[in-house]
Number of protein chains: 2
Amino acid sequence: METYLDCIPCFLKQALEAARMAGADEKTQKTILDEISRAIPDIKLSSTPPEMGKTIHNLVKKITGKEDPYKEIKDKANKQALKLYPDLKAKVESAQDRLRMATELAIAGNIIDYGTKNSLDVDDELEKILRKEQEAIKHEKETLFNFRDFKESARKAKIIMYIADNVGETVFDLLLIEELKRNDPEKKIIYAVRERPIINDALKEDAHTSGIDKVAEVISSGSDIPGTIKEECSEDFRKNLEKSDIVISKGQGNFESFTDANKHVYYLFMAKCPIVAKDVGCKVGDIILLKKGD
Amino acid sequence: METYLDCIPCFLKQALEAARMAGADEKTQKTILDEISRAIPDIKLSSTPPEMGKTIHNLVKKITGKEDPYKEIKDKANKQALKLYPDLKAKVESAQDRLRMATELAIAGNIIDYGTKNSLDVDDELEKILRKEQEAIKHEKETLFNFRDFKESARKAKIIMYIADNVGETVFDLLLIEELKRNDPEKKIIYAVRERPIINDALKEDAHTSGIDKVAEVISSGSDIPGTIKEECSEDFRKNLEKSDIVISKGQGNFESFTDANKHVYYLFMAKCPIVAKDVGCKVGDIILLKKGD
């Protein structure tokens, strides 16, 4: 997805949030906003929003000296999501369509805002999201929640490239991967995470904390943007992508930046902003399982 | 009110909206965003948000060559509000507390978004706003909706400075002015509008279209920001302010920019953004009648 003009004010908003997350004082926050403002005239609208995300978050790191401003939030998200696992697993096991429940949960895991919530609240939020999801999916056009196609492709695929998004969500990904492999333990899942800390995106250590290394091969995409631009990923990632039959791309950042015209790519995410919603042709808050590519 | 860092992303959002309102194509919209971005490092946080508003809207005028981009919207607002007048008047006349109803209407008039709506929708929206207002006021702390004090001060005042805000709202102001003068036709109201077109703010011609010149002396504040900074207003405005007993200040822009420590100033507005709400100590959407000054 290209950068829309409406993304530009949002870049400054993200910069301010990230500066505060890094504990910057007001003067430093202003310095960061000024620097981003100076970079705005050079933004190429043909680039994807996560590329500017990288510029923003690298600047915040450089100015505040904090290499991983979201570390605390990420640790909390890991812990809270892991606590949820037994209940989530029970939910999948008692579902009429287990894969469908695991898929819905994997999207729900992308939405939860762990940062400011305790475990009980997270539990509560998850219930609300699932109710909303089921309500939304009922009214959704099949093209926007193409589960039938996904189920069929995922069943047939021997190798699946699974591009991760946020920490915490990784635990929900584990559930989906377990379901994908349930009737076909030989199915290979390659779970790609970011190379370096960027916002609250999952790294190798988070995939391990979630136990994903036990059911998938965990690799780094080589990316340090909050998304995945194929051309800028590591050779290892691209080789793995090449041999994969389908791709599961999680979250809005990957939707905005990842494309592969030669594969079936299934984007699982919630449309969190009006610009992405417009691009997809849905409403903000809609639950999306979108198929692209041949 | 000073400029908060959170206002800065919003300035770019406003610039984009204004550029589109002026009919700028995408390339021109980007040029405008770039220019505003270049101006951001020079923003003094001690200045009020409407001062940056002036910079933004002047730049849009300069680049697009459109002196009054909101002209069409304003004409529509004038017409729609005038159509509402007989019903609004009947509402005031049948109210238990006529002044209170006129005050609530005057705040409601500030909220209506005429731009995208037809007359029926505007009617509908007004009903909704009034219901919300009455609900909100019930739960409001008296300090945030200080009607009792306002009623008493307005009754005693011989001269009232009434600082206008938007076009359309002017018709609602007429109702309030008529009530203020009902038992005291000698009470003098000075109705101050902006000097030059800025966003959809009322000018002298709008006050005349609304019929306010029949019940008040219409003057220009000399201001061309979407607000009122006393020190930058015309000498005429300041002389009139000096001789006034109290001030009624309408809308968020005047709240953000107008202060007069020597007068009772009554700010009538809805808190439309989280930053103003935080400054006031209320929630977004709250209906405010705030007293300041000695």
# chains A, B, ... in the order shown; residues from 1 in each chain; ligands from 1

$ interface_residues --of "chain B" --to "chain A" --cutoff "9 Å" --atoms "only C-alpha atoms" --output "ChimeraX atom specification"
/B:5-6,8-13,16,26,29-31,33-42

$ residues_around --residues "Leu84 (chain B)" --least-positions-apart "2" --cutoff "9 Å" --atoms "only C-alpha atoms" --output "list in words"
Lys79, Gln80, Ala81, Leu82, Pro86, Asp87, Leu88, Lys89, Ser119, Val122, Asp123 and Val171 of chain B

$ select_by_dssp --residues "region 34-265 of chain A" --states "strand (DSSP E)" --output "short mmCIF file (atom, residue, chain, number, x, y, z; two decimals) with N, CA, C and O atoms, in the first residue's frame"
data_model
loop_
_atom_site.label_atom_id
_atom_site.label_comp_id
_atom_site.auth_asym_id
_atom_site.auth_seq_id
_atom_site.Cartn_x
_atom_site.Cartn_y
_atom_site.Cartn_z
N ILE A 159 4.33 -26.27 2.65
CA ILE A 159 5.16 -25.30 3.39
C ILE A 159 4.41 -23.96 3.45
O ILE A 159 3.95 -23.45 2.43
N ILE A 160 4.28 -23.43 4.65
CA ILE A 160 3.58 -22.14 4.81
C ILE A 160 4.54 -21.12 5.42
O ILE A 160 5.18 -21.39 6.45
N MET A 161 4.66 -19.97 4.76
CA MET A 161 5.42 -18.86 5.34
C MET A 161 4.43 -18.05 6.18
O MET A 161 3.42 -17.58 5.67
N TYR A 162 4.72 -17.90 7.46
CA TYR A 162 3.82 -17.22 8.40
C TYR A 162 4.56 -15.97 8.88
O TYR A 162 5.52 -16.07 9.64
N ILE A 163 4.13 -14.79 8.41
CA ILE A 163 4.85 -13.56 8.79
C ILE A 163 4.21 -12.95 10.03
O ILE A 163 3.05 -12.52 10.01
N LYS A 188 5.06 -27.96 7.01
CA LYS A 188 6.14 -27.15 7.57
C LYS A 188 5.71 -25.68 7.66
O LYS A 188 5.21 -25.12 6.67
N ILE A 189 5.89 -25.11 8.83
CA ILE A 189 5.57 -23.68 9.00
C ILE A 189 6.86 -22.92 9.24
O ILE A 189 7.66 -23.30 10.11
N ILE A 190 7.07 -21.89 8.45
CA ILE A 190 8.23 -21.02 8.69
C ILE A 190 7.70 -19.72 9.27
O ILE A 190 6.87 -19.05 8.65
N TYR A 191 8.13 -19.44 10.49
CA TYR A 191 7.58 -18.30 11.22
C TYR A 191 8.61 -17.17 11.18
O TYR A 191 9.68 -17.25 11.79
N ALA A 192 8.28 -16.10 10.44
CA ALA A 192 9.27 -15.02 10.21
C ALA A 192 8.98 -13.82 11.12
O ALA A 192 7.89 -13.26 11.10
N VAL A 193 9.98 -13.45 11.90
CA VAL A 193 9.86 -12.29 12.79
C VAL A 193 10.82 -11.19 12.35
O VAL A 193 11.63 -11.40 11.44
N GLU A 217 9.63 -23.48 12.20
CA GLU A 217 11.01 -23.00 12.09
C GLU A 217 10.98 -21.48 12.22
O GLU A 217 10.32 -20.80 11.41
N VAL A 218 11.62 -20.96 13.24
CA VAL A 218 11.58 -19.52 13.45
C VAL A 218 12.76 -18.87 12.73
O VAL A 218 13.91 -19.25 12.95
N ILE A 219 12.46 -17.93 11.85
CA ILE A 219 13.56 -17.22 11.15
C ILE A 219 13.34 -15.71 11.29
O ILE A 219 12.24 -15.26 11.66
N SER A 220 14.38 -14.95 11.03
CA SER A 220 14.23 -13.50 10.95
C SER A 220 13.96 -13.15 9.49
O SER A 220 14.51 -13.75 8.58
N ILE A 246 2.09 -21.16 0.37
CA ILE A 246 1.25 -19.98 0.62
C ILE A 246 1.89 -19.13 1.72
O ILE A 246 2.83 -19.58 2.39
N VAL A 247 1.36 -17.90 1.86
CA VAL A 247 1.87 -17.00 2.91
C VAL A 247 0.71 -16.57 3.80
O VAL A 247 -0.38 -16.26 3.30
N ILE A 248 0.93 -16.61 5.11
CA ILE A 248 -0.01 -15.99 6.05
C ILE A 248 0.67 -14.72 6.56
O ILE A 248 1.76 -14.79 7.13
N SER A 249 0.05 -13.59 6.31
CA SER A 249 0.64 -12.30 6.70
C SER A 249 -0.23 -11.70 7.80
O SER A 249 -1.41 -11.43 7.59
N LYS A 250 0.36 -11.50 8.97
CA LYS A 250 -0.42 -11.02 10.10
C LYS A 250 -0.27 -9.50 10.29
O LYS A 250 0.82 -8.96 10.16
N HIS A 264 -0.26 -17.23 -3.22
CA HIS A 264 -1.46 -16.87 -2.49
C HIS A 264 -1.02 -16.30 -1.15
O HIS A 264 -0.39 -17.01 -0.36
N VAL A 265 -1.32 -15.02 -0.95
CA VAL A 265 -1.02 -14.42 0.36
C VAL A 265 -2.34 -14.19 1.07
O VAL A 265 -3.26 -13.60 0.50
#

$ closest_residue --among "B:Arg20, B:His208, B:Lys181, B:Lys61" --to "Leu99 (chain B)" --atoms "only C-alpha atoms"
B:Lys181

$ select_by_dssp --residues "region 55-247 of chain A" --states "helix (DSSP H, G or I)" --output "ChimeraX atom specification"
/A:55-64,71-93,98-111,119-139,147-156,169-182,204-209,212-214,230-232,235-243

$ residues_around --residues "Glu51 (chain B)" --least-positions-apart "3" --cutoff "8 Å" --atoms "only C-alpha atoms" --output "ChimeraX atom specification"
/B:47-48,54-55,225-227

$ atom_distance --atom1 "CA of Arg196 (chain A)" --atom2 "CA of Asp224 (chain A)"
5.3 Å

$ residues_around --residues "Gly251 (chain B)" --least-positions-apart "5" --cutoff "10 Å" --atoms "only C-alpha atoms" --output "ChimeraX atom specification"
/B:106-107,109-111,163-166,169,226-227,256,267-272,288

$ residues_around --residues "Leu144 (chain A)" --least-positions-apart "5" --cutoff "12 Å" --atoms "only C-alpha atoms" --output "NGL selection string"
:A and (136-139 or 149-150 or 266-271 or 277 or 280-283 or 286-292)

$ write_last_selection --atoms "N, CA, C and O atoms" --output "mmCIF file, in the first residue's frame"
data_model
loop_
_atom_site.group_PDB
_atom_site.id
_atom_site.type_symbol
_atom_site.label_atom_id
_atom_site.label_comp_id
_atom_site.auth_asym_id
_atom_site.auth_seq_id
_atom_site.Cartn_x
_atom_site.Cartn_y
_atom_site.Cartn_z
ATOM 1 N N ALA A 136 -19.168 -9.377 13.061
ATOM 2 C CA ALA A 136 -18.652 -8.721 11.852
ATOM 3 C C ALA A 136 -18.573 -9.703 10.687
ATOM 4 O O ALA A 136 -18.962 -9.392 9.557
ATOM 5 N N ILE A 137 -18.080 -10.918 10.996
ATOM 6 C CA ILE A 137 -17.858 -11.888 9.930
ATOM 7 C C ILE A 137 -19.183 -12.295 9.283
ATOM 8 O O ILE A 137 -19.257 -12.505 8.084
ATOM 9 N N LYS A 138 -20.228 -12.350 10.119
ATOM 10 C CA LYS A 138 -21.558 -12.683 9.609
ATOM 11 C C LYS A 138 -21.973 -11.722 8.494
ATOM 12 O O LYS A 138 -22.578 -12.111 7.521
ATOM 13 N N HIS A 139 -21.642 -10.428 8.695
ATOM 14 C CA HIS A 139 -22.084 -9.420 7.740
ATOM 15 C C HIS A 139 -21.069 -9.150 6.628
ATOM 16 O O HIS A 139 -21.313 -8.401 5.711
ATOM 17 N N ASP A 149 -11.624 -20.324 1.270
ATOM 18 C CA ASP A 149 -10.460 -20.429 0.396
ATOM 19 C C ASP A 149 -9.193 -20.677 1.214
ATOM 20 O O ASP A 149 -8.350 -21.523 0.884
ATOM 21 N N PHE A 150 -9.094 -19.958 2.323
ATOM 22 C CA PHE A 150 -7.926 -20.079 3.199
ATOM 23 C C PHE A 150 -7.796 -21.508 3.719
ATOM 24 O O PHE A 150 -6.713 -22.101 3.701
ATOM 25 N N TYR A 266 -2.451 -14.672 2.292
ATOM 26 C CA TYR A 266 -3.653 -14.445 3.112
ATOM 27 C C TYR A 266 -3.305 -13.438 4.202
ATOM 28 O O TYR A 266 -2.468 -13.711 5.049
ATOM 29 N N TYR A 267 -3.952 -12.271 4.101
ATOM 30 C CA TYR A 267 -3.695 -11.213 5.085
ATOM 31 C C TYR A 267 -4.733 -11.331 6.189
ATOM 32 O O TYR A 267 -5.941 -11.234 5.931
ATOM 33 N N LEU A 268 -4.275 -11.533 7.412
ATOM 34 C CA LEU A 268 -5.173 -11.630 8.568
ATOM 35 C C LEU A 268 -4.939 -10.417 9.453
ATOM 36 O O LEU A 268 -3.859 -10.276 10.046
ATOM 37 N N PHE A 269 -5.908 -9.550 9.551
ATOM 38 C CA PHE A 269 -5.713 -8.347 10.384
ATOM 39 C C PHE A 269 -7.040 -7.636 10.634
ATOM 40 O O PHE A 269 -8.057 -7.967 10.026
ATOM 41 N N MET A 270 -6.989 -6.675 11.551
ATOM 42 C CA MET A 270 -8.121 -5.777 11.701
ATOM 43 C C MET A 270 -7.735 -4.444 11.086
ATOM 44 O O MET A 270 -6.605 -3.971 11.273
ATOM 45 N N ALA A 271 -8.665 -3.851 10.330
ATOM 46 C CA ALA A 271 -8.403 -2.533 9.738
ATOM 47 C C ALA A 271 -8.478 -1.503 10.863
ATOM 48 O O ALA A 271 -9.541 -1.195 11.365
ATOM 49 N N ALA A 277 -8.634 1.053 5.803
ATOM 50 C CA ALA A 277 -10.007 0.616 5.545
ATOM 51 C C ALA A 277 -10.443 1.038 4.136
ATOM 52 O O ALA A 277 -11.046 0.259 3.392
ATOM 53 N N VAL A 280 -8.752 -1.088 1.527
ATOM 54 C CA VAL A 280 -9.299 -2.451 1.457
ATOM 55 C C VAL A 280 -10.729 -2.435 0.932
ATOM 56 O O VAL A 280 -11.177 -3.394 0.287
ATOM 57 N N GLY A 281 -11.434 -1.319 1.208
ATOM 58 C CA GLY A 281 -12.852 -1.258 0.860
ATOM 59 C C GLY A 281 -13.712 -1.803 1.993
ATOM 60 O O GLY A 281 -14.723 -2.466 1.768
ATOM 61 N N CYS A 282 -13.285 -1.519 3.237
ATOM 62 C CA CYS A 282 -14.051 -1.981 4.401
ATOM 63 C C CYS A 282 -14.187 -0.835 5.394
ATOM 64 O O CYS A 282 -13.826 0.298 5.096
ATOM 65 N N LYS A 283 -14.736 -1.121 6.568
ATOM 66 C CA LYS A 283 -14.865 -0.101 7.610
ATOM 67 C C LYS A 283 -13.767 -0.285 8.661
ATOM 68 O O LYS A 283 -13.255 -1.391 8.842
ATOM 69 N N ASP A 286 -13.147 -3.545 10.971
ATOM 70 C CA ASP A 286 -13.526 -4.798 10.307
ATOM 71 C C ASP A 286 -12.407 -5.838 10.438
ATOM 72 O O ASP A 286 -11.223 -5.523 10.443
ATOM 73 N N ILE A 287 -12.849 -7.075 10.519
ATOM 74 C CA ILE A 287 -11.953 -8.221 10.660
ATOM 75 C C ILE A 287 -11.703 -8.762 9.258
ATOM 76 O O ILE A 287 -12.650 -9.138 8.562
ATOM 77 N N ILE A 288 -10.453 -8.795 8.864
ATOM 78 C CA ILE A 288 -10.149 -9.091 7.464
ATOM 79 C C ILE A 288 -9.345 -10.390 7.317
ATOM 80 O O ILE A 288 -8.379 -10.620 8.044
ATOM 81 N N LEU A 289 -9.798 -11.210 6.372
ATOM 82 C CA LEU A 289 -8.986 -12.344 5.916
ATOM 83 C C LEU A 289 -9.016 -12.229 4.387
ATOM 84 O O LEU A 289 -9.948 -12.681 3.728
ATOM 85 N N LEU A 290 -8.014 -11.561 3.879
ATOM 86 C CA LEU A 290 -8.018 -11.141 2.480
ATOM 87 C C LEU A 290 -7.013 -11.982 1.688
ATOM 88 O O LEU A 290 -5.869 -12.139 2.098
ATOM 89 N N LYS A 291 -7.458 -12.469 0.546
ATOM 90 C CA LYS A 291 -6.550 -13.247 -0.305
ATOM 91 C C LYS A 291 -6.043 -12.361 -1.440
ATOM 92 O O LYS A 291 -6.829 -11.675 -2.101
ATOM 93 N N LYS A 292 -4.732 -12.391 -1.659
ATOM 94 C CA LYS A 292 -4.182 -11.711 -2.836
ATOM 95 C C LYS A 292 -3.209 -12.628 -3.541
ATOM 96 O O LYS A 292 -2.670 -13.554 -2.939
#

$ decode --residues "region 27-40 of chain A" --atoms "N, CA, C and O atoms" --output "short mmCIF file (atom, residue, chain, number, x, y, z; two decimals), in the first residue's frame"
data_model
loop_
_atom_site.label_atom_id
_atom_site.label_comp_id
_atom_site.auth_asym_id
_atom_site.auth_seq_id
_atom_site.Cartn_x
_atom_site.Cartn_y
_atom_site.Cartn_z
N LYS A 27 10.84 18.55 26.01
CA LYS A 27 11.77 19.21 25.07
C LYS A 27 12.26 18.20 24.01
O LYS A 27 12.34 18.52 22.82
N THR A 28 12.59 17.01 24.48
CA THR A 28 13.06 15.97 23.55
C THR A 28 11.94 15.53 22.62
O THR A 28 12.16 15.29 21.43
N GLN A 29 10.73 15.45 23.16
CA GLN A 29 9.57 15.11 22.30
C GLN A 29 9.45 16.13 21.17
O GLN A 29 9.23 15.78 20.02
N LYS A 30 9.63 17.42 21.52
CA LYS A 30 9.51 18.48 20.51
C LYS A 30 10.64 18.33 19.47
O LYS A 30 10.41 18.46 18.26
N THR A 31 11.86 18.04 19.95
CA THR A 31 12.99 17.84 19.04
C THR A 31 12.67 16.73 18.04
O THR A 31 12.93 16.85 16.84
N ILE A 32 12.07 15.65 18.55
CA ILE A 32 11.73 14.52 17.69
C ILE A 32 10.67 14.93 16.66
O ILE A 32 10.81 14.65 15.46
N LEU A 33 9.64 15.64 17.11
CA LEU A 33 8.61 16.12 16.17
C LEU A 33 9.22 17.03 15.11
O LEU A 33 8.88 16.94 13.93
N ASP A 34 10.15 17.89 15.53
CA ASP A 34 10.79 18.81 14.58
C ASP A 34 11.57 18.04 13.52
O ASP A 34 11.51 18.36 12.33
N GLU A 35 12.32 17.03 13.98
CA GLU A 35 13.13 16.24 13.04
C GLU A 35 12.24 15.50 12.04
O GLU A 35 12.54 15.46 10.84
N ILE A 36 11.15 14.92 12.54
CA ILE A 36 10.24 14.20 11.63
C ILE A 36 9.61 15.20 10.65
O ILE A 36 9.48 14.91 9.45
N SER A 37 9.25 16.37 11.16
CA SER A 37 8.66 17.39 10.28
C SER A 37 9.61 17.76 9.15
O SER A 37 9.20 17.91 8.00
N ARG A 38 10.90 17.87 9.50
CA ARG A 38 11.90 18.20 8.47
C ARG A 38 12.01 17.10 7.43
O ARG A 38 12.38 17.36 6.28
N ALA A 39 11.70 15.86 7.83
CA ALA A 39 11.81 14.73 6.90
C ALA A 39 10.58 14.60 6.00
O ALA A 39 10.62 13.91 4.98
N ILE A 40 9.48 15.26 6.39
CA ILE A 40 8.22 15.07 5.65
C ILE A 40 8.32 15.47 4.16
O ILE A 40 7.85 14.72 3.29
#
